[in-house]
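Dropping protein.tsv in here (TSV, C-alpha atoms and all ligand atoms):
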chain	number	residue	atom	x	y	z
X	1	ARG	CA	-2.49	-15.29	7.95
X	2	LEU	CA	-2.33	-19.02	7.67
X	3	ARG	CA	-4.31	-20.40	4.73
X	4	VAL	CA	-6.34	-23.39	5.90
X	5	ALA	CA	-8.47	-25.89	3.98
X	6	VAL	CA	-10.90	-28.22	5.74
X	7	LEU	CA	-12.30	-31.60	4.74
X	8	ALA	CA	-15.50	-32.83	6.35
X	9	SER	CA	-18.05	-35.55	5.65
X	10	GLY	CA	-20.76	-34.74	8.16
X	11	ARG	CA	-22.64	-32.12	10.11
X	12	GLY	CA	-19.60	-29.89	10.51
X	13	SER	CA	-19.83	-28.81	14.13
X	14	ASN	CA	-16.03	-28.84	14.39
X	15	LEU	CA	-15.79	-26.64	11.30
X	16	GLN	CA	-18.36	-24.37	12.91
X	17	ALA	CA	-16.20	-24.12	16.03
X	18	LEU	CA	-13.23	-23.11	13.87
X	19	ILE	CA	-15.22	-20.47	12.04
X	20	ALA	CA	-16.57	-19.15	15.35
X	21	ALA	CA	-13.05	-18.91	16.79
X	22	ARG	CA	-11.90	-17.02	13.73
X	23	ASP	CA	-14.90	-14.69	13.90
X	24	ALA	CA	-14.13	-14.06	17.58
X	25	GLY	CA	-10.65	-12.94	16.58
X	26	ARG	CA	-8.98	-15.89	18.29
X	27	LEU	CA	-7.75	-17.56	15.12
X	28	PRO	CA	-5.64	-15.59	12.64
X	29	VAL	CA	-6.35	-17.89	9.70
X	30	ASP	CA	-8.14	-17.72	6.36
X	31	PHE	CA	-10.34	-20.65	5.43
X	32	VAL	CA	-9.65	-20.93	1.73
X	33	LEU	CA	-11.66	-24.05	0.87
X	34	VAL	CA	-13.94	-26.67	2.41
X	35	GLY	CA	-14.24	-30.01	0.63
X	36	SER	CA	-16.41	-33.04	1.15
X	37	ASP	CA	-17.09	-36.50	-0.24
X	38	LYS	CA	-20.79	-35.96	0.49
X	39	ALA	CA	-22.84	-33.29	-1.27
X	40	SER	CA	-25.33	-33.34	1.61
X	41	ALA	CA	-22.73	-32.68	4.32
X	42	GLY	CA	-23.89	-30.00	6.75
X	43	ALA	CA	-20.31	-28.76	6.79
X	44	LEU	CA	-20.67	-27.56	3.18
X	45	GLN	CA	-23.71	-25.45	4.02
X	46	LEU	CA	-21.96	-24.00	7.07
X	47	ALA	CA	-19.02	-23.08	4.86
X	48	ARG	CA	-21.23	-21.49	2.21
X	49	ASP	CA	-23.01	-19.49	4.88
X	50	ALA	CA	-19.61	-18.25	6.04
X	51	GLY	CA	-18.60	-17.31	2.50
X	52	ILE	CA	-15.96	-20.03	2.20
X	53	PRO	CA	-15.57	-21.69	-1.23
X	54	THR	CA	-16.64	-25.34	-1.23
X	55	PHE	CA	-16.43	-28.39	-3.44
X	56	THR	CA	-17.69	-31.95	-3.39
X	57	LEU	CA	-16.05	-34.95	-4.98
X	58	ASP	CA	-18.16	-38.06	-5.35
X	59	PRO	CA	-16.02	-41.16	-4.75
X	60	LYS	CA	-18.31	-43.16	-7.03
X	61	ALA	CA	-17.22	-41.01	-9.97
X	62	TYR	CA	-13.64	-42.31	-9.66
X	63	ALA	CA	-12.27	-45.65	-10.76
X	64	SER	CA	-10.21	-46.12	-7.62
X	65	ARG	CA	-9.62	-44.70	-4.16
X	66	ARG	CA	-6.23	-43.59	-5.33
X	67	GLU	CA	-7.57	-41.53	-8.24
X	68	PHE	CA	-10.13	-39.94	-5.95
X	69	ASP	CA	-7.53	-39.07	-3.35
X	70	PHE	CA	-5.10	-37.58	-5.86
X	71	GLU	CA	-7.85	-35.39	-7.30
X	72	LEU	CA	-8.97	-34.40	-3.81
X	73	LEU	CA	-5.53	-33.32	-2.72
X	74	HIS	CA	-4.85	-31.66	-6.05
X	75	ARG	CA	-7.88	-29.42	-5.47
X	76	LEU	CA	-6.66	-28.54	-2.01
X	77	ASP	CA	-3.19	-27.81	-3.29
X	78	ALA	CA	-4.60	-25.54	-5.99
X	79	SER	CA	-6.43	-23.55	-3.30
X	80	GLY	CA	-3.09	-22.40	-1.91
X	81	ALA	CA	-3.82	-24.00	1.46
X	82	GLN	CA	-0.81	-24.29	3.77
X	83	LEU	CA	-2.55	-26.50	6.31
X	84	LEU	CA	-5.21	-29.14	5.82
X	85	VAL	CA	-7.61	-29.97	8.65
X	86	LEU	CA	-9.72	-33.14	8.67
X	87	ALA	CA	-12.78	-32.25	10.73
X	88	GLY	CA	-14.99	-35.31	10.63
X	89	PHE	CA	-13.69	-36.50	7.26
X	90	MET	CA	-14.67	-40.16	7.24
X	91	ARG	CA	-12.41	-41.54	4.52
X	92	ILE	CA	-8.94	-43.00	4.65
X	93	ILE	CA	-6.56	-41.08	2.37
X	94	ASP	CA	-4.11	-42.97	0.19
X	95	GLY	CA	-0.55	-42.82	1.53
X	96	GLU	CA	1.02	-41.78	-1.77
X	97	ALA	CA	-1.48	-38.98	-2.32
X	98	LEU	CA	-0.87	-37.85	1.24
X	99	ARG	CA	2.89	-37.71	0.91
X	100	PRO	CA	3.29	-34.02	-0.04
X	101	TRP	CA	1.04	-33.05	2.87
X	102	VAL	CA	2.59	-35.02	5.69
X	103	GLY	CA	3.40	-32.59	8.48
X	104	ARG	CA	0.80	-30.12	7.19
X	105	ILE	CA	-2.33	-32.20	7.66
X	106	ILE	CA	-4.06	-32.79	10.99
X	107	ASN	CA	-7.12	-34.77	12.04
X	108	ILE	CA	-9.43	-34.77	15.03
X	109	HIS	CA	-10.32	-38.25	16.24
X	110	PRO	CA	-12.83	-39.07	18.99
X	111	SER	CA	-10.67	-41.23	21.25
X	112	LEU	CA	-7.63	-41.02	23.47
X	113	LEU	CA	-5.22	-42.31	20.84
X	114	PRO	CA	-3.51	-44.71	20.62
X	115	LYS	CA	-6.71	-46.27	21.98
X	116	TYR	CA	-9.53	-46.96	19.55
X	117	ARG	CA	-8.35	-46.08	16.11
X	118	GLY	CA	-11.07	-46.31	13.46
X	119	LEU	CA	-14.82	-46.29	14.05
X	120	HIS	CA	-17.28	-46.61	16.97
X	121	THR	CA	-14.86	-45.16	19.48
X	122	HIS	CA	-17.50	-44.15	22.04
X	123	ARG	CA	-19.07	-47.60	22.06
X	124	ARG	CA	-15.69	-49.26	22.38
X	125	ALA	CA	-14.67	-47.07	25.32
X	126	LEU	CA	-17.96	-47.90	27.08
X	127	GLU	CA	-17.68	-51.61	26.35
X	128	ALA	CA	-14.15	-51.66	27.69
X	129	GLY	CA	-15.39	-50.12	30.95
X	130	ASP	CA	-12.97	-47.21	30.62
X	131	ALA	CA	-13.08	-44.53	33.32
X	132	GLU	CA	-12.27	-41.81	30.84
X	133	HIS	CA	-12.64	-41.00	27.19
X	134	GLY	CA	-11.45	-38.18	25.00
X	135	ALA	CA	-10.45	-36.76	21.67
X	136	SER	CA	-7.09	-36.37	19.99
X	137	VAL	CA	-5.71	-34.03	17.36
X	138	HIS	CA	-2.88	-35.70	15.50
X	139	TYR	CA	-0.74	-35.38	12.41
X	140	VAL	CA	-2.10	-37.53	9.62
X	141	THR	CA	0.19	-40.17	8.20
X	142	ALA	CA	-0.40	-43.21	6.03
X	143	GLU	CA	-1.21	-45.20	9.17
X	144	LEU	CA	-4.91	-44.84	10.04
X	145	ASP	CA	-5.25	-42.64	13.15
X	146	GLY	CA	-1.64	-43.53	13.84
X	147	GLY	CA	0.25	-40.25	13.34
X	148	PRO	CA	1.89	-38.32	16.19
X	149	VAL	CA	-0.59	-36.89	18.70
X	150	ILE	CA	-0.46	-33.11	19.15
X	151	ALA	CA	-3.02	-32.60	21.91
X	152	GLN	CA	-5.87	-34.40	23.67
X	153	ALA	CA	-9.01	-33.49	25.59
X	154	ARG	CA	-10.17	-35.85	28.35
X	155	LEU	CA	-13.45	-36.39	30.12
X	156	ALA	CA	-14.71	-38.79	32.78
X	157	ILE	CA	-17.20	-41.43	31.67
X	158	GLN	CA	-20.33	-41.14	33.86
X	159	PRO	CA	-22.25	-44.17	35.15
X	160	GLY	CA	-25.35	-43.38	33.06
X	161	ASP	CA	-23.47	-42.67	29.83
X	162	ASP	CA	-24.47	-44.28	26.57
X	163	GLU	CA	-22.87	-43.91	23.17
X	164	HIS	CA	-24.99	-40.87	22.37
X	165	SER	CA	-24.47	-38.93	25.59
X	166	LEU	CA	-20.78	-39.62	25.54
X	167	ALA	CA	-20.41	-38.52	21.92
X	168	GLU	CA	-22.36	-35.34	22.60
X	169	ARG	CA	-20.38	-34.43	25.69
X	170	LEU	CA	-17.10	-35.15	23.95
X	171	LEU	CA	-18.08	-32.97	21.02
X	172	GLY	CA	-18.12	-29.94	23.32
X	173	HIS	CA	-14.51	-30.70	24.19
X	174	GLU	CA	-13.59	-31.22	20.54
X	175	HIS	CA	-14.90	-27.75	19.82
X	176	GLN	CA	-12.33	-26.35	22.25
X	177	LEU	CA	-9.50	-28.66	21.28
X	178	LEU	CA	-9.39	-28.20	17.52
X	179	PRO	CA	-9.39	-24.38	17.52
X	180	ALA	CA	-6.77	-24.45	20.29
X	181	VAL	CA	-4.43	-26.57	18.17
X	182	LEU	CA	-5.04	-24.41	15.13
X	183	GLN	CA	-4.22	-21.36	17.21
X	184	LEU	CA	-0.89	-22.92	18.23
X	185	ILE	CA	-0.06	-23.50	14.58
X	186	ALA	CA	-1.24	-20.07	13.44
X	187	ASP	CA	0.84	-18.44	16.19
X	188	GLY	CA	3.89	-20.36	15.02
X	189	ARG	CA	4.17	-22.19	18.34
X	190	LEU	CA	3.68	-25.61	16.76
X	191	ALA	CA	5.78	-26.58	13.79
X	192	LEU	CA	3.97	-27.67	10.70
X	193	SER	CA	6.59	-30.28	10.06
X	194	PRO	CA	6.48	-33.47	12.10
X	195	PRO	CA	8.24	-33.33	15.46
X	196	ASP	CA	11.88	-34.37	15.57
X	197	GLY	CA	12.50	-38.00	16.15
X	198	VAL	CA	9.12	-39.11	14.89
X	199	ALA	CA	9.24	-41.63	12.11
X	200	LEU	CA	6.57	-40.93	9.54
X	201	ASP	CA	6.62	-44.17	7.60
X	202	GLY	CA	9.94	-43.29	6.06
X	203	LEU	CA	8.53	-40.22	4.36
X	204	PRO	CA	10.86	-37.25	3.94
X	205	ARG	CA	10.46	-34.31	6.30
X	206	GLN	CA	8.55	-31.34	4.96
X	207	GLN	CA	10.13	-27.93	4.87
X	208	PRO	CA	8.70	-25.75	7.64
X	209	LEU	CA	6.44	-22.99	6.37
X	210	GLN	CA	7.63	-19.40	6.30
X	301	LIG	C1	-16.32	-35.69	15.42
X	301	LIG	O1	-16.69	-36.31	16.62
X	301	LIG	C2	-14.95	-36.13	15.00
X	301	LIG	O2	-14.07	-36.33	16.07
X	301	LIG	C3	-15.26	-37.43	14.33
X	301	LIG	O3	-16.44	-37.20	13.60
X	301	LIG	C4	-17.19	-36.20	14.28
X	301	LIG	C5	-17.53	-35.11	13.30
X	301	LIG	O4	-18.47	-34.21	13.85
X	301	LIG	N1	-14.19	-37.84	13.47
X	301	LIG	C6	-13.92	-39.11	13.18
X	301	LIG	O5	-14.56	-40.03	13.62
X	301	LIG	C7	-12.74	-39.30	12.24
X	301	LIG	N2	-12.47	-40.68	12.07
X	301	LIG	P1	-18.76	-32.84	13.12
X	301	LIG	O6	-19.09	-33.15	11.66
X	301	LIG	O7	-19.95	-32.28	13.83
X	301	LIG	O8	-17.54	-31.97	13.24
Kindly return the structure encoded in the file as structure tokens.
Amino acid sequence: RLRVAVLASGRGSNLQALIAARDAGRLPVDFVLVGSDKASAGALQLARDAGIPTFTLDPKAYASRREFDFELLHRLDASGAQLLVLAGFMRIIDGEALRPWVGRIINIHPSLLPKYRGLHTHRRALEAGDAEHGASVHYVTAELDGGPVIAQARLAIQPGDDEHSLAERLLGHEHQLLPAVLQLIADGRLALSPPDGVALDGLPRQQPLQ
């Protein structure tokens, strides 16, 4: 079974969807560790309730972003994780620290990338008058929300939508999308190295997992 670690900063509903998929027998993975930059993150409690080891690193305890990120990824490496999933992790990870993980780290982002990298994606889609919105799962690279997209979920923006309703409705789609991508990886139908022909900021290709 694929060993998976998850990073999350918030309530953890995407993590919950992953755990539920595993419990339903749809996801042949082991969640080996859940980490957060926020001790109060709901995701940590969800993980504890599911018997998954957790840790928190407080960014304020580190002299620089870089030191924090190296420690963070060191912890994940030590857990034996083969795949790292960012499920609502709200920090940018230093490119150097990320290097050994490129091709084995994915993120879920609430927009139809390449539209709306960064924050406030729902508001920006509404303000732009877009007819549709969505979420993307993509490989994480040093470029913020800029790595190759693996899969997307789309929904139509309704006339009465506001930021809140749109975010809520999209979340339901995220909860399908992220487990579906993980299932592809766990089944060996999606390589854990970046797709051929995709430049990943000049970083070397990772060896595919056995
Ligand atoms: C999700 O909507 C996820 O797409 C988004 O944060 C939310 C986390 O919800 N991620 C980002 O914005 C990453 N930049 P959750 O904690 O309930 O899973």
From X:Leu57, X:Ala81, X:Leu144, X:Ala17, residue lying nearest X:Val32 [all atoms listed in the file]: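 Answer, going by the shortest atom-to-atom distance: X:Ala81.
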Can you tell me which residues come within 7 Å of ligand LIG 301 (chain X) when counting only C-alpha atoms and all ligand atoms, ideally as a JSON list (two decimals) with C-alpha atoms, in the frame of the given file?
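Printed below is selection15.json as written:
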[["chain", "number", "residue", "atom", "x", "y", "z"],
["X", 8, "ALA", "CA", -15.50, -32.83, 6.35],
["X", 9, "SER", "CA", -18.05, -35.55, 5.65],
["X", 10, "GLY", "CA", -20.76, -34.74, 8.16],
["X", 11, "ARG", "CA", -22.64, -32.12, 10.11],
["X", 12, "GLY", "CA", -19.60, -29.89, 10.51],
["X", 13, "SER", "CA", -19.83, -28.81, 14.13],
["X", 14, "ASN", "CA", -16.03, -28.84, 14.39],
["X", 15, "LEU", "CA", -15.79, -26.64, 11.30],
["X", 43, "ALA", "CA", -20.31, -28.76, 6.79],
["X", 87, "ALA", "CA", -12.78, -32.25, 10.73],
["X", 88, "GLY", "CA", -14.99, -35.31, 10.63],
["X", 89, "PHE", "CA", -13.69, -36.50, 7.26],
["X", 90, "MET", "CA", -14.67, -40.16, 7.24],
["X", 108, "ILE", "CA", -9.43, -34.77, 15.03],
["X", 109, "HIS", "CA", -10.32, -38.25, 16.24],
["X", 110, "PRO", "CA", -12.83, -39.07, 18.99],
["X", 118, "GLY", "CA", -11.07, -46.31, 13.46],
["X", 119, "LEU", "CA", -14.82, -46.29, 14.05],
["X", 135, "ALA", "CA", -10.45, -36.76, 21.67],
["X", 167, "ALA", "CA", -20.41, -38.52, 21.92],
["X", 171, "LEU", "CA", -18.08, -32.97, 21.02],
["X", 174, "GLU", "CA", -13.59, -31.22, 20.54]]
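Counting only C-alpha atoms and comparing X:Ala142, X:Val181, X:Ala20, X:Leu33, the residue that lies closest to X:Ala78 is X:Leu33.
Note that atom CA of X:Gln45 and atom CA of X:Ile19 are 12.7 Å apart.
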Compare X:Ala128, X:Leu177, X:Ala5, X:Leu190 by their minimum atom-to-atom distance to X:Trp101, counting all atoms listed in the file, and give me the closest one.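 Once distances to X:Trp101 are computed over all atoms listed in the file, the minimum belongs to X:Ala5.
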Tell me, as a ChimeraX atom specification, which residues lie within 12 Å of X:Ile93, counting all atoms listed in the file; anything in the same chain fewer than 2 positions away does not count. /X:7,37,59,64-73,86,89-91,95-99,101-102,105,107,140-145
Save out the residues we just selected, C-alpha atoms, as a PDB file, in the coordinates of the input.
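Result file is again_35.pdb:
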ATOM      1  CA  LEU X   7     -12.300 -31.600   4.740  1.00  0.00           C
ATOM      2  CA  ASP X  37     -17.090 -36.500  -0.240  1.00  0.00           C
ATOM      3  CA  PRO X  59     -16.020 -41.160  -4.750  1.00  0.00           C
ATOM      4  CA  SER X  64     -10.210 -46.120  -7.620  1.00  0.00           C
ATOM      5  CA  ARG X  65      -9.620 -44.700  -4.160  1.00  0.00           C
ATOM      6  CA  ARG X  66      -6.230 -43.590  -5.330  1.00  0.00           C
ATOM      7  CA  GLU X  67      -7.570 -41.530  -8.240  1.00  0.00           C
ATOM      8  CA  PHE X  68     -10.130 -39.940  -5.950  1.00  0.00           C
ATOM      9  CA  ASP X  69      -7.530 -39.070  -3.350  1.00  0.00           C
ATOM     10  CA  PHE X  70      -5.100 -37.580  -5.860  1.00  0.00           C
ATOM     11  CA  GLU X  71      -7.850 -35.390  -7.300  1.00  0.00           C
ATOM     12  CA  LEU X  72      -8.970 -34.400  -3.810  1.00  0.00           C
ATOM     13  CA  LEU X  73      -5.530 -33.320  -2.720  1.00  0.00           C
ATOM     14  CA  LEU X  86      -9.720 -33.140   8.670  1.00  0.00           C
ATOM     15  CA  PHE X  89     -13.690 -36.500   7.260  1.00  0.00           C
ATOM     16  CA  MET X  90     -14.670 -40.160   7.240  1.00  0.00           C
ATOM     17  CA  ARG X  91     -12.410 -41.540   4.520  1.00  0.00           C
ATOM     18  CA  GLY X  95      -0.550 -42.820   1.530  1.00  0.00           C
ATOM     19  CA  GLU X  96       1.020 -41.780  -1.770  1.00  0.00           C
ATOM     20  CA  ALA X  97      -1.480 -38.980  -2.320  1.00  0.00           C
ATOM     21  CA  LEU X  98      -0.870 -37.850   1.240  1.00  0.00           C
ATOM     22  CA  ARG X  99       2.890 -37.710   0.910  1.00  0.00           C
ATOM     23  CA  TRP X 101       1.040 -33.050   2.870  1.00  0.00           C
ATOM     24  CA  VAL X 102       2.590 -35.020   5.690  1.00  0.00           C
ATOM     25  CA  ILE X 105      -2.330 -32.200   7.660  1.00  0.00           C
ATOM     26  CA  ASN X 107      -7.120 -34.770  12.040  1.00  0.00           C
ATOM     27  CA  VAL X 140      -2.100 -37.530   9.620  1.00  0.00           C
ATOM     28  CA  THR X 141       0.190 -40.170   8.200  1.00  0.00           C
ATOM     29  CA  ALA X 142      -0.400 -43.210   6.030  1.00  0.00           C
ATOM     30  CA  GLU X 143      -1.210 -45.200   9.170  1.00  0.00           C
ATOM     31  CA  LEU X 144      -4.910 -44.840  10.040  1.00  0.00           C
ATOM     32  CA  ASP X 145      -5.250 -42.640  13.150  1.00  0.00           C
TER      33      ASP X 145
END
Written-out stretch 53-66 of chain X (C-alpha atoms) as a short mmCIF file (atom, residue, chain, number, x, y, z; two decimals), in the first residue's frame:
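Output file decode_0.cif follows:
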data_model
loop_
_atom_site.label_atom_id
_atom_site.label_comp_id
_atom_site.auth_asym_id
_atom_site.auth_seq_id
_atom_site.Cartn_x
_atom_site.Cartn_y
_atom_site.Cartn_z
CA PRO X 53 0.15 10.23 13.85
CA THR X 54 0.26 14.03 13.74
CA PHE X 55 2.70 16.85 14.30
CA THR X 56 2.63 20.62 14.32
CA LEU X 57 5.49 22.93 13.47
CA ASP X 58 5.12 26.56 14.48
CA PRO X 59 6.65 28.81 11.81
CA LYS X 60 7.37 31.43 14.46
CA ALA X 61 9.81 29.04 16.13
CA TYR X 62 12.07 29.12 13.06
CA ALA X 63 14.46 31.85 12.00
CA SER X 64 13.48 31.65 8.35
CA ARG X 65 10.93 30.12 5.99
CA ARG X 66 13.69 27.98 4.61
#
